[in-house]
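Visitor: So I've got this file, entry31.txt, and it contains compact mmCIF, C-alpha atoms and all ligand atoms:
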```
# COMPACT_ATOMS: atom_id res chain seq x y z
CA MET A 737 53.03 -2.89 -4.55
CA ASN A 738 55.06 -0.39 -2.59
CA GLY A 739 54.32 0.94 0.89
CA SER A 740 53.01 4.33 -0.34
CA ASN A 741 50.11 2.67 -2.18
CA PRO A 742 48.42 0.30 0.29
CA GLN A 743 45.52 -1.83 -0.97
CA THR A 744 41.93 -1.55 0.16
CA ALA A 745 39.88 -4.62 1.03
CA ALA A 746 38.46 -4.60 -2.52
CA GLY A 747 41.97 -4.84 -3.94
CA LEU A 748 42.12 -1.21 -5.13
CA ALA A 749 45.31 0.77 -4.60
CA ARG A 750 44.84 3.58 -2.06
CA LYS A 751 46.42 6.77 -3.41
CA LYS A 752 47.59 9.76 -1.44
CA LEU A 753 46.45 13.20 -2.60
CA MET A 754 49.04 15.86 -3.39
CA GLY A 755 46.76 18.67 -2.19
CA TYR A 756 43.14 19.72 -1.56
CA VAL A 757 40.71 18.45 -4.21
CA GLY A 758 37.34 19.16 -2.63
CA PHE A 759 35.34 15.94 -2.53
CA ALA A 760 35.55 16.04 1.25
CA ASN A 761 32.66 18.44 0.80
CA LEU A 762 30.40 15.66 -0.55
CA PRO A 763 28.63 15.05 2.78
CA ASN A 764 27.76 18.77 2.89
CA GLN A 765 26.36 18.59 -0.65
CA VAL A 766 24.20 15.61 0.34
CA HIS A 767 23.12 17.45 3.47
CA ARG A 768 22.11 20.60 1.51
CA LYS A 769 20.22 18.54 -1.07
CA SER A 770 18.34 16.55 1.57
CA VAL A 771 17.38 19.68 3.48
CA ARG A 772 16.11 21.26 0.26
CA LYS A 773 14.05 18.20 -0.65
CA GLY A 774 12.72 17.66 2.85
CA PHE A 775 12.08 14.29 4.46
CA ASN A 776 9.11 12.06 4.80
CA PHE A 777 8.25 9.38 7.31
CA THR A 778 5.25 7.12 7.75
CA ALA A 779 4.50 5.56 11.11
CA MET A 780 1.64 3.21 11.90
CA VAL A 781 0.11 2.83 15.35
CA VAL A 782 -1.70 -0.35 16.34
CA GLY A 783 -3.33 -1.27 19.63
CA GLU A 784 -6.70 -1.44 21.30
CA SER A 785 -8.61 1.76 21.74
CA GLY A 786 -7.72 3.81 24.79
CA LEU A 787 -4.12 2.55 25.08
CA GLY A 788 -2.80 6.06 24.46
CA LYS A 789 -1.83 5.88 20.77
CA SER A 790 -2.89 9.41 19.82
CA THR A 791 -1.42 10.83 23.00
CA LEU A 792 1.94 9.17 22.33
CA ILE A 793 2.13 10.41 18.73
CA ASN A 794 1.32 13.94 19.88
CA THR A 795 3.95 13.62 22.61
CA LEU A 796 6.57 12.24 20.20
CA PHE A 797 6.25 15.04 17.69
CA ASN A 798 5.35 17.66 20.28
CA THR A 799 2.34 18.79 18.34
CA THR A 800 -1.39 18.18 18.29
CA LEU A 801 -1.34 16.00 15.21
CA TYR A 802 -4.35 14.18 16.58
CA PRO A 803 -7.27 16.41 17.46
CA ARG A 804 -8.86 15.61 20.80
CA LYS A 805 -11.33 12.76 20.31
CA GLU A 806 -14.61 12.70 22.17
CA PRO A 807 -15.70 9.26 23.43
CA LEU A 808 -18.56 7.63 21.49
CA PRO A 809 -21.97 8.20 23.12
CA PRO A 810 -23.21 4.96 24.73
CA HIS A 811 -26.07 4.41 22.25
CA GLN A 812 -23.88 4.87 19.18
CA GLU A 813 -22.76 1.60 17.65
CA ARG A 814 -19.06 1.05 17.12
CA PRO A 815 -17.88 0.13 13.61
CA LYS A 816 -17.60 -3.63 13.15
CA THR A 817 -14.28 -3.75 11.31
CA VAL A 818 -10.75 -2.43 11.68
CA ALA A 819 -10.51 0.85 9.79
CA ILE A 820 -7.37 2.43 8.39
CA GLU A 821 -7.07 6.19 8.81
CA SER A 822 -4.18 8.35 7.77
CA ILE A 823 -3.16 11.80 9.02
CA SER A 824 -0.40 13.89 7.42
CA ALA A 825 1.34 17.01 8.63
CA ASP A 826 4.33 19.05 7.56
CA ILE A 827 6.48 19.84 10.54
CA GLU A 828 9.67 21.91 10.57
CA GLU A 829 12.57 22.16 12.98
CA ASN A 830 15.59 24.40 12.41
CA GLY A 831 14.80 24.71 8.71
CA VAL A 832 14.46 20.95 8.19
CA ARG A 833 11.07 19.94 6.87
CA LEU A 834 9.47 16.59 7.66
CA ARG A 835 6.28 15.31 6.06
CA LEU A 836 4.91 13.06 8.77
CA ASN A 837 2.21 10.51 7.99
CA VAL A 838 0.56 8.60 10.79
CA VAL A 839 -1.55 5.58 9.92
CA ASP A 840 -4.04 4.73 12.64
CA THR A 841 -5.96 1.47 12.85
CA PRO A 842 -9.06 2.16 14.96
CA GLY A 843 -11.01 -0.93 15.90
CA PHE A 844 -8.03 -3.27 16.23
CA GLY A 845 -8.65 -5.70 19.09
CA ASP A 846 -11.89 -3.98 20.10
CA PHE A 847 -14.38 -6.68 19.10
CA VAL A 848 -15.70 -9.78 20.81
CA ASN A 849 -14.17 -11.80 18.00
CA ASN A 850 -10.82 -10.38 16.94
CA ASP A 851 -9.85 -13.15 14.52
CA GLU A 852 -8.31 -11.64 11.43
CA SER A 853 -8.06 -8.16 13.00
CA TRP A 854 -4.61 -8.10 11.46
CA LYS A 855 -5.87 -8.65 7.91
CA PRO A 856 -6.94 -5.11 6.91
CA ILE A 857 -3.61 -3.88 8.30
CA VAL A 858 -1.56 -6.36 6.24
CA ASP A 859 -3.66 -5.47 3.18
CA ASN A 860 -2.95 -1.78 3.73
CA ILE A 861 0.81 -2.31 4.09
CA GLU A 862 0.87 -4.46 0.95
CA ALA A 863 -1.21 -1.96 -1.01
CA ARG A 864 1.42 0.67 -0.17
CA PHE A 865 4.18 -1.67 -1.39
CA ASP A 866 2.18 -2.26 -4.60
CA ALA A 867 1.78 1.48 -5.17
CA TYR A 868 5.55 1.89 -4.85
CA LEU A 869 6.23 -1.04 -7.18
CA GLU A 870 3.86 0.46 -9.72
CA GLN A 871 5.78 3.76 -9.61
CA GLU A 872 9.08 1.93 -10.06
CA ASN A 873 7.76 0.40 -13.27
CA ARG A 874 6.79 3.73 -14.77
CA VAL A 875 8.82 5.22 -17.60
CA ASN A 876 9.23 8.45 -15.66
CA ARG A 877 10.43 7.76 -12.14
CA SER A 878 11.58 11.24 -11.24
CA LYS A 879 8.70 11.91 -8.86
CA MET A 880 8.44 8.75 -6.77
CA GLN A 881 6.27 9.04 -3.69
CA ASP A 882 7.16 6.79 -0.82
CA ASN A 883 4.02 6.02 1.18
CA ARG A 884 5.34 2.75 2.56
CA VAL A 885 4.99 2.24 6.32
CA HIS A 886 8.46 2.72 7.82
CA ALA A 887 7.64 1.75 11.39
CA CYS A 888 4.75 0.16 13.23
CA ILE A 889 4.43 1.01 16.90
CA TYR A 890 2.56 -1.86 18.51
CA PHE A 891 0.91 -1.01 21.84
CA ILE A 892 0.94 -3.87 24.37
CA GLN A 893 -1.63 -3.67 27.17
CA PRO A 894 0.11 -3.13 30.51
CA THR A 895 -1.24 -6.38 31.95
CA GLY A 896 2.05 -7.35 33.61
CA HIS A 897 1.50 -10.97 32.54
CA ALA A 898 2.50 -12.06 29.04
CA LEU A 899 1.70 -11.34 25.42
CA ARG A 900 -1.88 -12.23 24.56
CA PRO A 901 -2.79 -14.41 21.56
CA ILE A 902 -3.93 -11.32 19.61
CA ASP A 903 -0.49 -9.67 20.15
CA ILE A 904 1.36 -12.78 18.99
CA GLU A 905 -0.89 -13.31 15.99
CA PHE A 906 -0.52 -9.69 14.90
CA MET A 907 3.25 -9.63 15.24
CA ARG A 908 3.65 -12.99 13.48
CA ARG A 909 1.60 -11.77 10.55
CA LEU A 910 3.34 -8.41 10.28
CA HIS A 911 6.99 -8.87 11.26
CA GLN A 912 8.24 -9.54 7.74
CA LYS A 913 6.34 -6.65 6.24
CA VAL A 914 7.05 -3.79 8.60
CA ASN A 915 9.57 -2.66 11.23
CA LEU A 916 7.83 -3.69 14.45
CA ILE A 917 8.44 -1.53 17.50
CA PRO A 918 6.63 -3.00 20.52
CA VAL A 919 5.85 -0.62 23.38
CA ILE A 920 4.25 -1.23 26.75
CA ALA A 921 1.40 1.27 26.83
CA LYS A 922 0.58 3.41 29.88
CA SER A 923 3.55 2.00 31.78
CA ASP A 924 2.85 4.39 34.65
CA THR A 925 0.25 1.84 35.73
CA LEU A 926 2.99 -0.70 36.57
CA THR A 927 5.76 -0.56 39.19
CA ASP A 928 9.45 -0.61 38.11
CA GLU A 929 9.71 -4.23 39.23
CA GLU A 930 6.58 -5.23 37.29
CA ILE A 931 7.87 -3.47 34.19
CA LEU A 932 11.18 -5.36 34.33
CA GLN A 933 9.46 -8.72 34.70
CA PHE A 934 6.89 -7.92 32.04
CA LYS A 935 9.62 -6.89 29.58
CA GLN A 936 11.46 -10.20 30.18
CA ARG A 937 8.28 -12.14 29.55
CA VAL A 938 7.40 -10.18 26.41
CA LEU A 939 10.91 -10.67 25.01
CA SER A 940 10.87 -14.40 25.68
CA ASP A 941 7.43 -14.70 24.02
CA ILE A 942 8.79 -12.80 21.02
CA ALA A 943 11.83 -15.08 20.83
CA TYR A 944 9.72 -18.22 21.28
CA HIS A 945 7.45 -17.28 18.39
CA GLN A 946 10.44 -16.25 16.25
CA ILE A 947 9.09 -12.77 15.77
CA GLU A 948 11.55 -10.28 14.34
CA ILE A 949 11.29 -6.84 15.85
CA PHE A 950 13.30 -3.82 14.75
CA ARG A 951 16.67 -3.58 16.45
CA ALA A 952 19.03 -0.77 15.60
CA PRO A 953 21.87 -2.25 13.54
CA VAL A 954 25.44 -1.83 14.80
CA TYR A 955 28.10 -1.17 12.16
CA GLU A 956 31.74 -2.23 12.40
CA ASN A 957 33.30 1.18 11.97
CA GLU A 958 30.95 2.97 14.39
CA ASP A 959 32.58 4.88 17.26
CA GLU A 960 32.33 3.53 20.78
CA GLU A 961 29.93 6.22 21.92
CA THR A 962 27.42 5.41 19.17
CA ILE A 963 27.71 1.68 19.86
CA ALA A 964 27.05 2.27 23.57
CA GLU A 965 24.10 4.54 22.73
CA ASN A 966 22.62 1.86 20.46
CA GLU A 967 23.04 -0.78 23.11
CA GLU A 968 21.20 1.37 25.60
CA ILE A 969 18.31 1.74 23.16
CA VAL A 970 18.18 -1.99 22.36
CA ASN A 971 18.23 -2.84 26.09
CA LYS A 972 15.04 -0.84 26.61
CA ILE A 973 12.96 -2.80 24.07
CA PRO A 974 9.99 -3.17 24.51
CA PHE A 975 9.86 0.51 25.48
CA ALA A 976 7.75 1.19 28.55
CA VAL A 977 6.14 4.47 27.56
CA VAL A 978 4.05 7.20 29.11
CA GLY A 979 2.39 9.84 26.99
CA SER A 980 1.18 13.30 27.89
CA ASN A 981 0.99 16.64 26.16
CA THR A 982 0.07 18.47 29.31
CA GLU A 983 2.64 20.56 31.12
CA ILE A 984 2.55 20.34 34.90
CA ASP A 985 4.58 21.78 37.75
CA THR A 986 6.87 19.46 39.71
CA PRO A 987 7.24 19.84 43.50
CA ASP A 988 10.75 21.25 42.89
CA GLY A 989 9.32 24.00 40.69
CA ARG A 990 10.04 22.73 37.17
CA ARG A 991 7.49 22.75 34.36
CA VAL A 992 7.44 19.38 32.60
CA ARG A 993 5.33 17.25 30.28
CA GLY A 994 3.89 14.58 32.49
CA ARG A 995 1.06 13.09 34.48
CA SER A 996 0.23 14.13 37.98
CA TYR A 997 -0.81 11.62 40.66
CA PRO A 998 -1.59 11.92 44.36
CA TRP A 999 1.75 10.20 45.03
CA GLY A 1000 3.79 12.39 42.68
CA VAL A 1001 4.52 13.34 39.10
CA ILE A 1002 5.50 11.06 36.19
CA GLU A 1003 7.73 12.96 33.77
CA VAL A 1004 7.50 11.88 30.17
CA ASP A 1005 10.94 13.23 29.24
CA ASN A 1006 12.72 11.81 32.25
CA GLU A 1007 14.63 8.60 31.54
CA GLU A 1008 14.37 7.60 35.18
CA HIS A 1009 10.57 7.57 34.88
CA CYS A 1010 9.96 5.81 31.55
CA ASP A 1011 11.50 4.82 28.18
CA PHE A 1012 9.78 7.53 26.15
CA VAL A 1013 13.09 9.35 25.57
CA LYS A 1014 14.75 6.21 24.23
CA LEU A 1015 11.83 5.47 21.92
CA ARG A 1016 11.94 9.03 20.57
CA GLN A 1017 15.69 8.81 20.16
CA MET A 1018 15.46 5.66 18.08
CA LEU A 1019 12.42 6.63 16.07
CA ILE A 1020 13.31 10.22 15.31
CA ARG A 1021 16.77 11.26 16.38
CA THR A 1022 19.08 8.41 15.43
CA HIS A 1023 17.32 5.71 13.43
CA MET A 1024 14.66 7.27 11.22
CA GLU A 1025 16.84 6.75 8.15
CA GLU A 1026 17.71 3.19 9.27
CA LEU A 1027 14.00 2.41 9.54
CA LYS A 1028 13.43 3.72 6.02
CA GLU A 1029 16.45 1.90 4.67
CA HIS A 1030 15.43 -1.40 6.27
CA THR A 1031 11.92 -0.96 4.88
CA ASN A 1032 13.31 -0.41 1.40
CA ASP A 1033 16.24 -2.83 1.32
CA VAL A 1034 14.86 -5.76 3.27
CA LEU A 1035 11.08 -5.70 3.78
CA TYR A 1036 10.01 -4.15 0.46
CA GLU A 1037 12.70 -6.07 -1.42
CA LYS A 1038 11.35 -9.35 -0.02
CA TYR A 1039 7.77 -8.43 -0.92
CA ARG A 1040 8.81 -7.25 -4.36
CA SER A 1041 10.79 -10.36 -5.30
CA GLU A 1042 8.02 -12.65 -4.06
CA LYS A 1043 5.49 -10.70 -6.08
CA LEU A 1044 7.60 -10.72 -9.24
CA LEU A 1045 8.28 -14.43 -8.87
CA ALA A 1046 4.56 -15.04 -8.52
CA MET A 1047 4.06 -13.04 -11.74
CA GLY A 1048 6.56 -15.33 -13.45
CA VAL A 1049 9.45 -12.85 -13.61
CA ALA A 1050 12.49 -14.85 -12.56
CA GLN A 1051 15.14 -12.99 -10.65
CA ASP A 1052 18.41 -13.60 -8.96
CA HIS A 1053 18.58 -12.70 -5.27
CA SER A 1054 22.36 -12.34 -5.08
CA VAL A 1055 24.06 -9.21 -3.85
CA PHE A 1056 25.80 -8.98 -7.21
CA LYS A 1057 22.44 -8.24 -8.73
CA GLU A 1058 21.88 -5.34 -6.36
CA VAL A 1059 24.95 -3.53 -7.60
CA ASN A 1060 24.86 -4.74 -11.17
CA PRO A 1061 23.00 -2.17 -13.27
CA ALA A 1062 22.87 -4.47 -16.31
CA ALA A 1063 21.11 -7.19 -14.31
CA LYS A 1064 18.79 -4.63 -12.77
CA MET A 1065 17.96 -3.24 -16.22
CA ALA A 1066 17.35 -6.76 -17.56
CA GLU A 1067 14.98 -7.41 -14.69
CA GLU A 1068 13.17 -4.15 -15.28
CA ARG A 1069 12.94 -4.93 -19.00
CA ALA A 1070 11.51 -8.39 -18.21
CA LEU A 1071 8.96 -6.79 -15.93
CA HIS A 1072 8.09 -4.21 -18.57
CA GLU A 1073 7.79 -6.89 -21.25
CA ALA A 1074 5.53 -8.96 -19.00
CA LYS A 1075 3.37 -5.89 -18.59
CA LEU A 1076 3.32 -5.29 -22.37
CA ARG A 1077 2.37 -8.93 -22.98
CA LYS A 1078 -0.48 -8.60 -20.53
CA MET A 1079 -1.66 -5.40 -22.27
CA GLU A 1080 -1.36 -7.07 -25.69
CA ASN A 1081 -3.46 -10.03 -24.51
CA GLU A 1082 -6.07 -7.68 -23.13
CA MET A 1083 -6.16 -5.73 -26.41
CA LYS A 1084 -6.50 -8.98 -28.38
CA LEU A 1085 -9.41 -10.01 -26.22
CA VAL A 1086 -11.16 -6.65 -26.74
CA PHE A 1087 -10.50 -6.86 -30.49
CA GLN A 1088 -11.92 -10.38 -30.73
CA GLN A 1089 -14.97 -9.33 -28.79
CA LYS A 1090 -15.55 -6.36 -31.12
CA VAL A 1091 -15.15 -8.55 -34.25
CA ALA A 1092 -17.64 -11.08 -32.86
CA GLU A 1093 -20.15 -8.30 -32.19
CA LYS A 1094 -19.73 -6.90 -35.74
CA GLU A 1095 -20.14 -10.36 -37.28
CA ALA A 1096 -23.33 -10.96 -35.34
CA LYS A 1097 -24.71 -7.61 -36.56
CA LEU A 1098 -23.80 -8.36 -40.20
CA LYS A 1099 -25.42 -11.78 -39.98
CA GLN A 1100 -28.59 -10.22 -38.68
CA SER A 1101 -28.80 -7.66 -41.52
CA GLU A 1102 -28.05 -10.41 -44.06
CA GLU A 1103 -30.98 -12.43 -42.75
CA GLU A 1104 -33.23 -9.38 -42.91
CA LEU A 1105 -32.18 -8.79 -46.53
CA TYR A 1106 -32.92 -12.41 -47.43
CA ALA A 1107 -36.34 -12.17 -45.83
CA ARG A 1108 -37.18 -9.03 -47.80
CA HIS A 1109 -35.90 -10.61 -50.99
CA ARG A 1110 -38.10 -13.69 -50.38
CA GLU A 1111 -41.12 -11.50 -49.75
CA MET A 1112 -40.66 -9.53 -53.00
CA ARG A 1113 -40.05 -12.68 -54.98
CA ASP A 1114 -43.25 -14.27 -53.66
CA ALA A 1115 -45.26 -11.11 -54.46
CA LEU A 1116 -43.94 -11.03 -58.02
CA GLU A 1117 -44.65 -14.73 -58.48
CA LYS A 1118 -48.22 -14.18 -57.31
CA GLN A 1119 -48.64 -11.31 -59.76
CA ARG A 1120 -47.20 -13.39 -62.59
CA LEU A 1121 -49.66 -16.25 -61.88
CA GLU A 1122 -52.60 -13.82 -61.90
CA LEU A 1123 -51.58 -12.38 -65.25
CA GLU A 1124 -51.05 -15.84 -66.63
CA ASP A 1125 -54.57 -16.81 -65.56
CA LYS A 1126 -56.04 -13.67 -67.10
CA ARG A 1127 -54.28 -14.24 -70.39
CA ARG A 1128 -55.61 -17.78 -70.55
CA ARG A 1129 -59.17 -16.57 -69.92
CA LEU A 1130 -58.99 -13.90 -72.60
CA GLU A 1131 -57.63 -16.34 -75.12
CA SER A 1132 -60.35 -18.89 -74.37
CA GLY A 1133 -63.01 -16.12 -74.62
CA ARG A 1134 -64.33 -16.77 -71.10
CA PRO A 1135 -65.67 -13.65 -69.33
CA LEU A 1136 -63.86 -12.39 -66.28
CA THR A 1137 -65.51 -12.73 -62.84
CA PRO A 1138 -66.78 -9.34 -61.42
CA GLU A 1139 -63.77 -9.13 -59.06
CA LYS A 1140 -61.46 -9.80 -61.90
CA VAL A 1141 -63.19 -7.14 -64.01
CA SER A 1142 -62.60 -4.55 -61.33
CA SER A 1143 -59.05 -5.75 -60.84
CA GLN A 1144 -58.73 -5.71 -64.61
CA ALA A 1145 -60.07 -2.15 -64.71
CA THR A 1146 -57.35 -0.91 -62.45
CA LYS A 1147 -54.60 -2.64 -64.41
CA LYS A 1148 -56.22 -2.35 -67.84
CA LYS A 1149 -54.11 0.31 -69.39
CA GLY A 1150 -50.78 -1.32 -68.84
CA PHE A 1151 -52.11 -4.74 -69.76
CA SER A 1152 -53.67 -3.70 -73.08
CA LEU A 1153 -50.51 -1.78 -74.02
CA ARG A 1154 -48.35 -4.86 -73.42
CA ASN A 1155 -50.71 -7.04 -75.52
P1 LIG A 1201 -8.47 5.57 20.48
O1 LIG A 1201 -8.44 6.89 19.84
O2 LIG A 1201 -9.81 5.21 21.04
O3 LIG A 1201 -7.88 4.49 19.64
O4 LIG A 1201 -7.52 5.69 21.79
P2 LIG A 1201 -5.99 5.96 21.85
O5 LIG A 1201 -5.27 4.67 21.90
O6 LIG A 1201 -5.58 6.91 20.81
O7 LIG A 1201 -5.87 6.60 23.31
P3 LIG A 1201 -5.77 8.14 23.69
O8 LIG A 1201 -4.44 8.69 23.33
O9 LIG A 1201 -6.97 8.84 23.17
O10 LIG A 1201 -5.82 8.01 25.28
C1 LIG A 1201 -6.90 7.46 25.97
C2 LIG A 1201 -6.86 7.93 27.42
O11 LIG A 1201 -5.69 7.45 28.06
C3 LIG A 1201 -6.83 9.46 27.55
O12 LIG A 1201 -7.59 9.80 28.66
C4 LIG A 1201 -5.36 9.76 27.82
O13 LIG A 1201 -5.17 10.93 28.61
C5 LIG A 1201 -4.94 8.53 28.61
N1 LIG A 1201 -3.51 8.25 28.43
C6 LIG A 1201 -2.78 8.40 27.30
N2 LIG A 1201 -1.52 8.02 27.52
C7 LIG A 1201 -1.44 7.61 28.81
C8 LIG A 1201 -0.39 7.10 29.62
O14 LIG A 1201 0.76 6.94 29.20
N3 LIG A 1201 -0.70 6.78 30.91
C9 LIG A 1201 -1.95 6.92 31.43
N4 LIG A 1201 -2.14 6.58 32.68
N5 LIG A 1201 -2.96 7.40 30.69
C10 LIG A 1201 -2.72 7.75 29.40
```
For this file, produce the structure as structure tokens.
Ligand code: GTP
Guide:
Amino acid sequence: MNGSNPQTAAGLARKKLMGYVGFANLPNQVHRKSVRKGFNFTAMVVGESGLGKSTLINTLFNTTLYPRKEPLPPHQERPKTVAIESISADIEENGVRLRLNVVDTPGFGDFVNNDESWKPIVDNIEARFDAYLEQENRVNRSKMQDNRVHACIYFIQPTGHALRPIDIEFMRRLHQKVNLIPVIAKSDTLTDEEILQFKQRVLSDIAYHQIEIFRAPVYENEDEETIAENEEIVNKIPFAVVGSNTEIDTPDGRRVRGRSYPWGVIEVDNEEHCDFVKLRQMLIRTHMEELKEHTNDVLYEKYRSEKLLAMGVAQDHSVFKEVNPAAKMAEERALHEAKLRKMENEMKLVFQQKVAEKEAKLKQSEEELYARHREMRDALEKQRLELEDKRRRLESGRPLTPEKVSSQATKKKGFSLRN
């Protein structure tokens, strides 16, 4: 190879262009298409009631997605199980549309016995994976709807101690199914020092229990500024957040979103006061697509292959498979055939059931026919014996009994004609 045609890592010759061709415009085409289609994002919030989940979501998206909730009257009984509630809203910023879905989990951690509080949440996440898998197996896949949960914001009580068993259990059960983003709720109730120590403790608990939380990936060819930005975000995990949709005046005359206390004002959007800005940056401004990609490529892919293996569809996990359309098609065909086989078996079962029902009906009518036939035969035999008896009496010249005379009278005509 000569110097003018260097090789790429994949062994392909790199060619120089003689002039403008136009594919440099591809990113713009992708951009236009994405803007036209709009985006969608599903976030789940989990944490005990009153930890500020609705307030934080409203603060993050700067809208009143959650209507103001009134507290339950004292006499009204609380539901006994974790519920799953979903709110959707279309929001728009500078012409870019975002369909935002927020999945709330009221009841989590609110009972005397919170064993298995995580279960309805896992079930819901898996049901969303199943719905996506079902769409993938359809003949027409042009209108796929992605309702998978792309991020789960887990609210940790600002105890200042350590993670509680319920936190650990939840994260252990969920970390391979959803991008976990732990946040320290209502962090304005802790001092800076307490927050630092609490974060250390939470991180070491997470490491000890081998829980995987979402960390923004760093790519090789990223510029230094982006790498530094990412590092700053990662260093803030678990984000110590404060939520508020109320605007208040600061002593220096600014109007800010925050919370006012006798000792001063906590500003939500001030990085010196809390990590809300960093959380918003990761979730919305820099890593929304990463969260979706990780959900699709890693979490969903894991769920999907486990599910298919359980259904008996063998598949190869290698990267080659990912980029090999023939292998992908073969896998899809296998899945489709498995589905057809299942349908065929079901149809056979229904058919056999119908045949059995028909046979039972035919047997019944056959028996009824036999019974009627027997009845008629017996009646005829009886008649024949009577006639026989009558003939014998007439031949022997014996008179008929009065009953026989009357019976004879009714049948006389036919009888005398035959004789
Ligand atoms: P449920 O709807 O019951 O699940 O509660 P939630 O977790 O959605 O809490 P919500 O946002 O309704 O907030 C409960 C109370 O806490 C409200 O009075 C909020 O004003 C207050 N609150 C919300 N965020 C914060 C915060 O960051 N710091 C403090 N100190 N209070 C907050």
Visitor: Show me a table, sorted first by chain and then by increasing residue number, of the residues of chain A having an atom at most 6 Å from ligand LIG 1201 (chain A), each with its shortest atom pair and the distance in Å to one decimal, counting all atoms listed in the file and written as CSV.
Guide:
```
residue,atom,partner,partner_atom,distance
A:Ser785,CA,A:LIG1201,O3,3.5
A:Gly786,CA,A:LIG1201,O4,3.5
A:Leu787,CA,A:LIG1201,O5,4.0
A:Gly788,CA,A:LIG1201,O8,3.3
A:Lys789,CA,A:LIG1201,O5,3.8
A:Ser790,CA,A:LIG1201,O6,3.8
A:Thr791,CA,A:LIG1201,O8,3.7
A:Pro842,CA,A:LIG1201,O3,5.4
A:Lys922,CA,A:LIG1201,O14,3.6
A:Asp924,CA,A:LIG1201,N3,5.7
A:Val978,CA,A:LIG1201,O14,3.3
A:Gly979,CA,A:LIG1201,O14,4.0
A:Ser980,CA,A:LIG1201,N2,5.9
```
Visitor: Write out as JSON lines the residues of region 860-974 of chain A that have any atom within 12 Å of an atom of region 1067-1085 of chain A, one row each with the nearest atom pair and its distance in Å to one decimal, counting only C-alpha atoms, sorted by chain and then rising number.
Guide:
```
{"residue": "A:Leu869", "atom": "CA", "partner": "A:Leu1071", "partner_atom": "CA", "distance": 10.8}
{"residue": "A:Glu870", "atom": "CA", "partner": "A:Leu1071", "partner_atom": "CA", "distance": 10.8}
{"residue": "A:Glu872", "atom": "CA", "partner": "A:Glu1068", "partner_atom": "CA", "distance": 9.0}
{"residue": "A:Asn873", "atom": "CA", "partner": "A:His1072", "partner_atom": "CA", "distance": 7.0}
{"residue": "A:Arg874", "atom": "CA", "partner": "A:His1072", "partner_atom": "CA", "distance": 8.9}
{"residue": "A:Val875", "atom": "CA", "partner": "A:His1072", "partner_atom": "CA", "distance": 9.5}
```
Visitor: Quick one, how far is CA of Leu932 (chain A) from CA of His1030 (chain A)?
Guide: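 It comes out at 28.7 Å.
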Visitor: Up to 9 Å from (-0.5, 7.1, 9.6) in the file's coordinates: name the residues, counting only C-alpha atoms, as a PyMOL selection string.
Guide: chain A and resi 778-781+820-824+836-841+885
Visitor: Between A:Met907, A:Ala867, A:Val848, A:Val914, which one has atoms that come closest to Glu1029 (chain A), using only C-alpha atoms?
Guide: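 Closest to Glu1029 (chain A) of all the choices is A:Val914.
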Visitor: Measure the distance from CA of Val858 (chain A) to CA of Met1024 (chain A) in Å and round it to one decimal.
Guide: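 Spanning CA of Val858 (chain A) to CA of Met1024 (chain A) is a straight-line distance of 21.8 Å.
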Visitor: Find the nearest atom pair between each residue of region 1013-1100 of chain A and region 958-973 of chain A for residues within 12 Å, count all atoms listed in the file, give distances in Å to one decimal, sort rows by chain and ascending number, and present the table as a Markdown table.
Guide:
```
| residue | atom | partner | partner_atom | distance |
| --- | --- | --- | --- | --- |
| A:Val1013 | CA | A:Ile969 | CA | 9.5 |
| A:Lys1014 | CA | A:Ile969 | CA | 5.8 |
| A:Leu1015 | CA | A:Ile969 | CA | 7.6 |
| A:Arg1016 | CA | A:Ile969 | CA | 10.0 |
| A:Gln1017 | CA | A:Ile969 | CA | 8.1 |
| A:Met1018 | CA | A:Ile969 | CA | 7.0 |
| A:Leu1019 | CA | A:Ile969 | CA | 10.4 |
| A:Arg1021 | CA | A:Ile969 | CA | 11.8 |
| A:Thr1022 | CA | A:Asn966 | CA | 9.0 |
| A:His1023 | CA | A:Asn966 | CA | 9.6 |
```
Visitor: Mind giving me the straight-line distance from CA of Asp941 (chain A) to CA of Pro901 (chain A) in Å, one decimal?
Guide: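 These atoms are spaced 10.5 Å apart.
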Visitor: Would you give the centre and edge lengths, in Å to one decimal, of a box along x, y and z around the listed atoms of region 1037-1040 of chain A, with 3 Å added to each side, as JSON?
Guide:
```
{"center_x": 10.2, "center_y": -7.7, "center_z": -2.2, "size_x": 10.9, "size_y": 9.3, "size_z": 10.3}
```
Visitor: Smallest atom-to-atom distance to Lys773 (chain A): which of A:Pro953, A:Arg835, A:Arg1127, A:Thr795, using only C-alpha atoms?
Guide: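 Of A:Pro953, A:Arg835, A:Arg1127, A:Thr795, the one nearest Lys773 (chain A), counting only C-alpha atoms, is A:Arg835.
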Visitor: I want to know what sits within 10 Å of Thr925 (chain A), based on all atoms listed in the file, with residues of the same chain fewer than 5 positions away left out; could you give that as a list in words?
Guide: Pro894, Thr895, Gly896, Glu930, Ile931 and Val978 of chain A
Visitor: Which residues are close to Asn776 (chain A), i.e. within 12 Å by all atoms listed in the file, leaving aside same-chain residues fewer than 5 positions away? Reply as a VMD selection string.
Guide: chain A and resid 770 to 771 824 to 828 832 to 838 881 to 886 1020 1024 to 1025 1027 to 1028
